[in-house]
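Undergrad: Take this structure first; my questions come after.
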Amino acid sequence: MTTTRLSLSGSIQLALLLAASGSASAQDTAQPPHATQKSATTLDSVTVSALKRETKLQETPVSISAVEAQTLKDMGASSFQDYFRSVPSLQIVGDSPTQRRVTMRGIRSTGEPTVGVYYDETPLSGPAGTSQDASSTVADMDLFDVERVEVLRGPQGTLYGSGSMGGTIRMIYNKPDASAFTGAFESDIASTRDASGPSTTYKAMVNVPLAKDVLAARAVLYQSERAGYVDNLGYGRDDVNDLDSKGGRVMLRLTPNEAVTLDASAIFQKTDQGGQSEWDEDLGRYNADFQTIATTKDDLHLYNLTLNWDLDWATLTTSASYYKWALQRTSDYTTTLSRSTTNATSCSNYINAIDGASIGTCDTTQMARYTAYAESRLPSALYQPMLLRSRNYEARLSGLALADRLAWTAGVYRENRDDTIESMVAKTDAGSGDVRQPLDLSAWRHVGTEMEQTAFYGEFTFSATDTLDLTYGLRRYDYDKKTYGQVHISNYITQSYVGDYTEVDASASGYVSKFNASYQFTPAIMGYATAAKGFRPGGANNVPGLADGLIAYQPDSLWNYELGLKTEWWDNRAQLNAALFQIDWSNMQVSGRSANGAFAYIANAGAARIRGAELEGTVRPLAGLTLNAMLTYLDGQLTEDQYNSELAMTNSTGLSGDRIPYVPTWSGAFGAGYNWPIKNTDLYGMARLDYSYVGSSSSYFRDNYAYYEKQGAYSLFNLRAGIEASRWAVYLYVSNLLDKAGVITRDTGAGYDNQVLTLRPRTIGLTLRANFE
């Protein structure tokens, strides 16, 4: 990939030019980002829309975190990876545009997503792929010009549907403002240890009133080039995991009168990653010897139209979205093929197909012929272009009744989603590690998935007294899912053979519900109790040679029982929130593998119980100083064995009492931010320290399994400091201050003895920001 080197002096000049372009009157009234905190000792009141109506954060009886725009800026956050460790029970694993899994409260499993990810009103789901694992890919759009991020923990099935059995994340963008012309600019240059070049980022926003107080447009553009740091020793290629990303959005807002608001948006983001971020500990820090350079591509286009209409007796909200998501996933397939170069069944099937014979077992000469063929197809890559299209529609009414004692929301949701994948085994160039072009194929399998889902929902909160609120929610869902496919080119090595087109339908319907009671003990202390159900759709596998009893799999579901407390102290200079919960997860969707290890599928087996606690607090002990912290405890264990009459037991099968993989028992975070006026100037200083800890977890259920490993148990320190003026700011930062190679995942079963994904090495950078009116 090409790298554009940032001219630091040019960026400073551009930032100052944009800052100076504001009018004199605007300059007189503008304040630095933290100026309002110089004398403020109370915490800000945060408004959220998690209940699909606006409520105060501390008055919302659910476990929820709101990360506001200023906090994201102070952290230097531009993606999931930059803030998730500061949020209780939230985990993100993966460092690739096509391989990123989000989990909450330990609800981690293959299949449909367990966490709903929303960009404004649109839920984004990943492609199902060959293994029906839509949860393995999550869109990570840039956070520049975001108003806030809301993280709702626990099942949100009644309001947000099937993808939210573990929780929901909502990215809420700043909307066009028809009252004033504004803009912002940001540039960043950074150096990462073990990277041979710099990382650069440019971002810009402009807000333009097109008709005063009636119509406005807001546009955002950004481009980022992130330097790689993993070297492939086998091919002598450095920094293979570099990443280029560019994108933007255009938004229009029409407010013809005080009752009607119409928002239209178009969002795009394209990301290319040069290769794997995993490396082999046996080869030294950040060194690898993969036989395929696994490039990935991600191209997402999202369009939305949302109407909000105040009808006096209720507010009508309608949303229509369409998104098209093209991805290319590449992985090293050499080891998988190598395992079968002397396989007896593969040999006989190969000889029979090539010679038109009908032998049962290969003789020595025939085995030598087959082995020579199989080895001639090495090295190889699993090359998988994917395309997903989704249409999402929602209409809801929210209002008050019974002298404002009843708050209610009722709506309907419709989703039409289809995706396809061309799963091909392609030869890799032995001199470079790149997939050969034109493609030299050993196998080609086409798999498609279509899903239609309709839901009706309602949630009602009744104020029984001035201090007691009772909530009931109900959602009726009905979905139909179809999986189809065909093998176009036989893979004799992994035993996937050309055959007829196949198609399997899976459908289900049912209800999820929610019960909640909240009590205001004092104006500053509120407690709540919740019982809520979450679910995920089932589906069908399209896997060569899979037994009939394993083709279809059923929905899984869970119940979350929770007690929570939200408190304010010291005249609202401190807030402390806590939650205790137990989750009972039944008919779990689990991942199985074919006998030769080449194909993955989903089945239902086992049950689990997760008990946990979350603690989150913020305090402002003095003007300008804000401290925040969180602590999470998760104890996730199986309560039933994960095998049955159809799903055979193996050495990796989870048994009752085993801990759920990739779920750390303890995690925590601490942040301290301080800002102060610089004497005899109009400038402010700021400094922020962020610390996070992720406890250890396992890679598989069984500790006696050959590939069982431990990962985690690492700490991360980030430091940022800067100077802020009314129209510009400059910051110096260090990410991963102690340069720890904290292990996020560890895999010893992929042919590489100690393959790890770790924290990005220590990165030192400079950020310039400017805003203008």
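Labeling convention for the structure tokens: chains A, B, ... as they appear, residues from 1 per chain, ligands from 1 in order of appearance.
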Please identify all polymer residues within 12 Å of A:Leu316, counting only C-alpha atoms, omitting same-chain residues fewer than 4 positions from it, and present them as a list in words.
TA: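 Near neighbours after the sequence-gap exclusion: Lys52, Arg53, Ala259, Val260, Thr261, Leu262, Thr306, Leu307, Asn308, Trp309, Asp310, Leu311, Asp312, Glu394, Ala395, Arg396, Leu397, Ser398, Gly399, Thr409, Ala410, Gly411 and Val412 of chain A.
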Undergrad: Can those selected residues be exported to a file as a PDB file, in the first residue's frame so that it contains N, CA and C atoms?
TA:
```pdb
ATOM      1  N   LYS A  52     -35.828   4.599  23.332  1.00  0.00           N
ATOM      2  CA  LYS A  52     -36.498   5.138  22.140  1.00  0.00           C
ATOM      3  C   LYS A  52     -37.396   6.316  22.487  1.00  0.00           C
ATOM      4  N   ARG A  53     -37.039   6.975  23.571  1.00  0.00           N
ATOM      5  CA  ARG A  53     -37.568   8.268  23.989  1.00  0.00           C
ATOM      6  C   ARG A  53     -36.500   8.880  24.890  1.00  0.00           C
ATOM      7  N   ALA A 259     -42.925  20.845  14.498  1.00  0.00           N
ATOM      8  CA  ALA A 259     -43.423  19.492  14.739  1.00  0.00           C
ATOM      9  C   ALA A 259     -42.726  18.428  13.903  1.00  0.00           C
ATOM     10  N   VAL A 260     -42.119  18.798  12.798  1.00  0.00           N
ATOM     11  CA  VAL A 260     -41.606  17.820  11.838  1.00  0.00           C
ATOM     12  C   VAL A 260     -40.106  17.994  11.646  1.00  0.00           C
ATOM     13  N   THR A 261     -39.390  16.868  11.716  1.00  0.00           N
ATOM     14  CA  THR A 261     -37.967  16.834  11.401  1.00  0.00           C
ATOM     15  C   THR A 261     -37.715  15.646  10.479  1.00  0.00           C
ATOM     16  N   LEU A 262     -37.091  15.903   9.345  1.00  0.00           N
ATOM     17  CA  LEU A 262     -36.769  14.860   8.384  1.00  0.00           C
ATOM     18  C   LEU A 262     -35.261  14.831   8.194  1.00  0.00           C
ATOM     19  N   THR A 306     -35.080   9.240   7.984  1.00  0.00           N
ATOM     20  CA  THR A 306     -35.789   9.167   9.260  1.00  0.00           C
ATOM     21  C   THR A 306     -36.696  10.380   9.415  1.00  0.00           C
ATOM     22  N   LEU A 307     -37.931  10.126   9.808  1.00  0.00           N
ATOM     23  CA  LEU A 307     -38.914  11.170  10.052  1.00  0.00           C
ATOM     24  C   LEU A 307     -39.321  11.161  11.516  1.00  0.00           C
ATOM     25  N   ASN A 308     -39.279  12.316  12.158  1.00  0.00           N
ATOM     26  CA  ASN A 308     -39.837  12.504  13.500  1.00  0.00           C
ATOM     27  C   ASN A 308     -40.946  13.555  13.413  1.00  0.00           C
ATOM     28  N   TRP A 309     -42.148  13.187  13.873  1.00  0.00           N
ATOM     29  CA  TRP A 309     -43.318  14.047  13.729  1.00  0.00           C
ATOM     30  C   TRP A 309     -44.072  14.095  15.049  1.00  0.00           C
ATOM     31  N   ASP A 310     -44.103  15.265  15.645  1.00  0.00           N
ATOM     32  CA  ASP A 310     -44.836  15.477  16.898  1.00  0.00           C
ATOM     33  C   ASP A 310     -46.322  15.650  16.565  1.00  0.00           C
ATOM     34  N   LEU A 311     -47.124  14.642  16.944  1.00  0.00           N
ATOM     35  CA  LEU A 311     -48.561  14.654  16.646  1.00  0.00           C
ATOM     36  C   LEU A 311     -49.376  15.221  17.794  1.00  0.00           C
ATOM     37  N   ASP A 312     -48.733  15.854  18.756  1.00  0.00           N
ATOM     38  CA  ASP A 312     -49.346  16.360  19.988  1.00  0.00           C
ATOM     39  C   ASP A 312     -49.607  15.234  20.975  1.00  0.00           C
ATOM     40  N   GLU A 394     -38.602   0.650  10.065  1.00  0.00           N
ATOM     41  CA  GLU A 394     -39.194   0.697  11.400  1.00  0.00           C
ATOM     42  C   GLU A 394     -40.128   1.899  11.499  1.00  0.00           C
ATOM     43  N   ALA A 395     -41.247   1.697  12.170  1.00  0.00           N
ATOM     44  CA  ALA A 395     -42.170   2.788  12.478  1.00  0.00           C
ATOM     45  C   ALA A 395     -42.631   2.606  13.913  1.00  0.00           C
ATOM     46  N   ARG A 396     -42.623   3.697  14.680  1.00  0.00           N
ATOM     47  CA  ARG A 396     -43.039   3.588  16.079  1.00  0.00           C
ATOM     48  C   ARG A 396     -43.703   4.880  16.524  1.00  0.00           C
ATOM     49  N   LEU A 397     -44.531   4.743  17.540  1.00  0.00           N
ATOM     50  CA  LEU A 397     -45.179   5.862  18.204  1.00  0.00           C
ATOM     51  C   LEU A 397     -44.776   5.856  19.668  1.00  0.00           C
ATOM     52  N   SER A 398     -44.481   7.023  20.212  1.00  0.00           N
ATOM     53  CA  SER A 398     -44.166   7.163  21.628  1.00  0.00           C
ATOM     54  C   SER A 398     -44.963   8.324  22.188  1.00  0.00           C
ATOM     55  N   GLY A 399     -45.495   8.135  23.398  1.00  0.00           N
ATOM     56  CA  GLY A 399     -46.288   9.208  23.972  1.00  0.00           C
ATOM     57  C   GLY A 399     -46.536   9.028  25.448  1.00  0.00           C
ATOM     58  N   THR A 409     -44.460   3.171  24.201  1.00  0.00           N
ATOM     59  CA  THR A 409     -43.858   3.099  22.874  1.00  0.00           C
ATOM     60  C   THR A 409     -44.389   1.843  22.199  1.00  0.00           C
ATOM     61  N   ALA A 410     -44.817   1.948  20.955  1.00  0.00           N
ATOM     62  CA  ALA A 410     -45.299   0.801  20.189  1.00  0.00           C
ATOM     63  C   ALA A 410     -44.800   0.936  18.766  1.00  0.00           C
ATOM     64  N   GLY A 411     -44.363  -0.190  18.170  1.00  0.00           N
ATOM     65  CA  GLY A 411     -43.800  -0.089  16.833  1.00  0.00           C
ATOM     66  C   GLY A 411     -43.815  -1.387  16.067  1.00  0.00           C
ATOM     67  N   VAL A 412     -43.373  -1.284  14.825  1.00  0.00           N
ATOM     68  CA  VAL A 412     -43.242  -2.431  13.934  1.00  0.00           C
ATOM     69  C   VAL A 412     -41.890  -2.345  13.248  1.00  0.00           C
TER      70      VAL A 412
END
```
Undergrad: With only C-alpha atoms counted and 12 Å as the cut-off, give the residues of stretch 579-650 of chain A in contact with stretch 690-713 of chain A, each with its shortest interatomic distance in Å and the pair that gives it, as CSV.
TA:
```
residue,atom,partner,partner_atom,distance
A:Val590,CA,A:Phe701,CA,11.7
A:Ser591,CA,A:Tyr700,CA,11.5
A:Thr626,CA,A:Asp690,CA,11.9
A:Leu627,CA,A:Asp690,CA,10.0
A:Asn628,CA,A:Asp690,CA,9.4
A:Ala629,CA,A:Tyr691,CA,9.2
A:Met630,CA,A:Ser692,CA,9.2
A:Leu631,CA,A:Tyr693,CA,9.4
A:Thr632,CA,A:Val694,CA,9.7
A:Tyr633,CA,A:Gly695,CA,9.8
A:Leu634,CA,A:Gly695,CA,10.3
A:Asp635,CA,A:Ser697,CA,11.0
A:Gly636,CA,A:Ser697,CA,10.8
A:Gln637,CA,A:Phe701,CA,9.4
A:Leu638,CA,A:Phe701,CA,9.1
A:Asp641,CA,A:Phe701,CA,10.7
A:Gln642,CA,A:Phe701,CA,10.0
A:Met649,CA,A:Arg702,CA,11.8
A:Thr650,CA,A:Tyr705,CA,9.2
```
Undergrad: Convert the current residue selection to file output with N, CA, C and O atoms, as a short mmCIF file (atom, residue, chain, number, x, y, z; two decimals), in the first residue's frame.
TA:
```
data_model
loop_
_atom_site.label_atom_id
_atom_site.label_comp_id
_atom_site.auth_asym_id
_atom_site.auth_seq_id
_atom_site.Cartn_x
_atom_site.Cartn_y
_atom_site.Cartn_z
N VAL A 590 -23.77 -23.54 19.10
CA VAL A 590 -22.35 -23.83 19.29
C VAL A 590 -21.73 -24.17 17.94
O VAL A 590 -22.40 -24.57 16.99
N SER A 591 -20.43 -24.03 17.88
CA SER A 591 -19.70 -24.30 16.64
C SER A 591 -19.16 -25.72 16.65
O SER A 591 -18.57 -26.17 17.63
N THR A 626 -11.66 15.46 36.61
CA THR A 626 -12.71 14.44 36.52
C THR A 626 -12.06 13.06 36.55
O THR A 626 -11.12 12.79 35.80
N LEU A 627 -12.56 12.21 37.44
CA LEU A 627 -12.08 10.85 37.58
C LEU A 627 -13.21 9.89 37.24
O LEU A 627 -14.36 10.10 37.63
N ASN A 628 -12.90 8.84 36.51
CA ASN A 628 -13.90 7.82 36.20
C ASN A 628 -13.28 6.44 36.32
O ASN A 628 -12.07 6.26 36.12
N ALA A 629 -14.11 5.47 36.68
CA ALA A 629 -13.61 4.11 36.86
C ALA A 629 -14.73 3.12 36.61
O ALA A 629 -15.92 3.45 36.72
N MET A 630 -14.35 1.90 36.26
CA MET A 630 -15.32 0.81 36.14
C MET A 630 -14.66 -0.49 36.55
O MET A 630 -13.44 -0.67 36.45
N LEU A 631 -15.49 -1.44 37.00
CA LEU A 631 -15.02 -2.76 37.39
C LEU A 631 -16.08 -3.78 36.98
O LEU A 631 -17.28 -3.56 37.20
N THR A 632 -15.65 -4.87 36.37
CA THR A 632 -16.56 -5.91 35.90
C THR A 632 -16.11 -7.26 36.43
O THR A 632 -14.92 -7.60 36.38
N TYR A 633 -17.08 -8.03 36.93
CA TYR A 633 -16.84 -9.43 37.33
C TYR A 633 -17.79 -10.31 36.55
O TYR A 633 -19.01 -10.05 36.51
N LEU A 634 -17.27 -11.35 35.90
CA LEU A 634 -18.08 -12.27 35.12
C LEU A 634 -17.69 -13.70 35.45
O LEU A 634 -16.51 -14.06 35.38
N ASP A 635 -18.68 -14.51 35.80
CA ASP A 635 -18.47 -15.93 36.06
C ASP A 635 -19.41 -16.70 35.14
O ASP A 635 -20.58 -16.91 35.46
N GLY A 636 -18.89 -17.07 33.96
CA GLY A 636 -19.71 -17.76 32.96
C GLY A 636 -19.32 -19.23 32.86
O GLY A 636 -18.17 -19.55 32.52
N GLN A 637 -20.27 -20.11 33.16
CA GLN A 637 -20.00 -21.54 33.15
C GLN A 637 -21.13 -22.29 32.45
O GLN A 637 -22.29 -21.88 32.48
N LEU A 638 -20.76 -23.43 31.83
CA LEU A 638 -21.77 -24.30 31.27
C LEU A 638 -22.52 -25.02 32.39
O LEU A 638 -21.91 -25.42 33.40
N ASP A 641 -23.77 -30.24 29.27
CA ASP A 641 -22.74 -30.62 28.29
C ASP A 641 -23.14 -30.15 26.90
O ASP A 641 -24.32 -30.13 26.54
N GLN A 642 -22.13 -29.82 26.09
CA GLN A 642 -22.39 -29.34 24.74
C GLN A 642 -22.24 -30.46 23.71
O GLN A 642 -21.53 -30.34 22.71
N MET A 649 -19.22 -35.88 20.81
CA MET A 649 -18.29 -35.33 21.79
C MET A 649 -16.86 -35.47 21.27
O MET A 649 -16.47 -36.49 20.73
N THR A 650 -16.07 -34.40 21.43
CA THR A 650 -14.66 -34.41 21.07
C THR A 650 -13.86 -33.90 22.26
O THR A 650 -14.41 -33.54 23.31
#
```
Undergrad: Could you check how far atom CA of A:Thr639 sits from atom CA of A:Arg108, in Å to one decimal?
TA: 15.4 Å
Undergrad: Restricting the calculation to only C-alpha atoms: of A:Ala579, A:Tyr350, A:Arg369, A:Ile551, which residue gets closest to A:Ser490?
TA: A:Tyr350
Undergrad: Which residues are close to stretch 500-509 of chain A, i.e. within 10 Å by only C-alpha atoms, leaving aside same-chain residues fewer than 4 positions away? Reply as a PyMOL selection string.
TA: chain A and resi 446-455+476-488+537-542+551-555
Undergrad: Work out how far atom CA of A:Ile64 is from atom CA of A:Tyr519, in Å to one decimal.
TA: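 Those two atoms sit 17.1 Å apart.
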Undergrad: Pull the closest atom pair for each residue of stretch 50-166 of chain A that gets at most 12 Å from stretch 189-201 of chain A, along with the distance in Å to one decimal, counting only C-alpha atoms, ordering rows by chain and then ascending residue number, as CSV.
TA:
```
residue,atom,partner,partner_atom,distance
A:Ser78,CA,A:Thr201,CA,10.5
A:Asp142,CA,A:Thr201,CA,11.3
A:Phe144,CA,A:Thr201,CA,11.3
```
Undergrad: Using only C-alpha atoms, which of A:Phe599, A:Tyr83, A:Tyr160, A:Tyr497 sits nearest A:Gly116?
TA: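 The shortest atom-to-atom distance to A:Gly116 comes from A:Tyr160.
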Undergrad: Using only C-alpha atoms, which residues sit within 12 Å of A:Glu68 once same-chain residues fewer than 5 positions away are excluded, as an MDAnalysis selection string?
TA: chainID A and resid 44:48 57 73:75 77 83 143:151 170:174
Undergrad: Keeping only C-alpha atoms, write those residues as a compact mmCIF listing (two decimals), in the first residue's frame.
TA:
```txt
# COMPACT_ATOMS: atom_id res chain seq x y z
CA ASP A 44 -23.12 17.24 33.58
CA SER A 45 -26.60 15.80 33.13
CA VAL A 46 -26.58 13.41 30.17
CA THR A 47 -29.66 12.76 28.05
CA VAL A 48 -29.97 9.40 26.29
CA LEU A 57 -29.01 8.83 32.10
CA LYS A 73 -12.00 13.40 21.94
CA ASP A 74 -10.08 13.46 25.22
CA MET A 75 -9.35 9.74 24.82
CA ALA A 77 -11.00 7.58 20.29
CA TYR A 83 -12.95 3.12 24.07
CA LEU A 143 -16.27 8.25 15.40
CA PHE A 144 -15.36 11.71 14.13
CA ASP A 145 -18.23 14.19 14.71
CA VAL A 146 -20.22 11.73 16.85
CA GLU A 147 -22.57 13.15 19.49
CA ARG A 148 -22.27 10.19 21.86
CA VAL A 149 -22.08 6.41 22.09
CA GLU A 150 -24.66 4.57 24.18
CA VAL A 151 -23.93 1.06 25.48
CA ARG A 170 -25.71 2.90 19.55
CA MET A 171 -23.54 5.40 17.66
CA ILE A 172 -25.40 8.72 17.47
CA TYR A 173 -24.09 11.27 15.00
CA ASN A 174 -24.23 15.04 15.26
```
Undergrad: Using only C-alpha atoms, determine which residues lie at most 6 Å from A:Ala687, disregarding the query and same-chain residues fewer than 5 positions distant; provide the list as a ChimeraX atom specification.
TA: /A:673-674,720-721
Undergrad: Point out the residue among A:Gly76, A:Gly564, A:Gly671, A:Gly545 with the least atom-to-atom distance to A:Asp188, counting only C-alpha atoms.
TA: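 Among the listed residues, A:Gly76 lies closest to A:Asp188.
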Undergrad: For A:Phe290, please output as a list of chain:residue names all residues within 10 Å (counting only C-alpha atoms; exclusion window: fewer than 6 positions along the same chain).
TA: A:Asn232, A:Leu233, A:Gly234, A:Tyr235, A:Gly275, A:Gln276, A:Glu278, A:Trp279, A:Asp280, A:Ser331, A:Asp332, A:Tyr333, A:Thr334, A:Thr335, A:Pro379, A:Gly433, A:Gly751, A:Tyr752
Undergrad: Per DSSP on the backbone, filter stretch 258-427 of chain A down to the residues in strand (DSSP E or B) and report them as a ChimeraX atom specification.
TA: /A:260-273,279-280,287-288,296-310,315-332,380-401,406-427
Undergrad: Near A:Gln589, counting only C-alpha atoms, which residues have an atom at most 8 Å away, once you skip same-chain residues fewer than 3 positions from it, shown as a PyMOL selection string?
TA: chain A and resi 109-111+553-556+602-605
Undergrad: Which value, in Å to one decimal, gives the distance between atom CA of A:Ala529 and atom CA of A:Trp569?
TA: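 Taking atom CA of A:Ala529 as the start and atom CA of A:Trp569 as the end point, the length is 21.5 Å.
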Undergrad: My list of candidates is A:Leu439, A:Ile354, A:Cys362, A:Met526. Which is closest to A:Leu576 when distances are computed with only C-alpha atoms?
TA: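 Closest to A:Leu576, using only C-alpha atoms: A:Met526.
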Undergrad: Taking into account only C-alpha atoms, which residue in the set A:Ser277, A:Ser79, A:Gln58, A:Thr365 is nearest to A:Leu759?
TA: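 Looking only at the distances to A:Leu759, the closest residue turns out to be A:Ser277.
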Undergrad: Considering only C-alpha atoms, state which residue in the set A:Met367, A:Leu558, A:Ala294, A:Leu757 is at the smallest distance from A:Ser162.
TA: A:Leu558
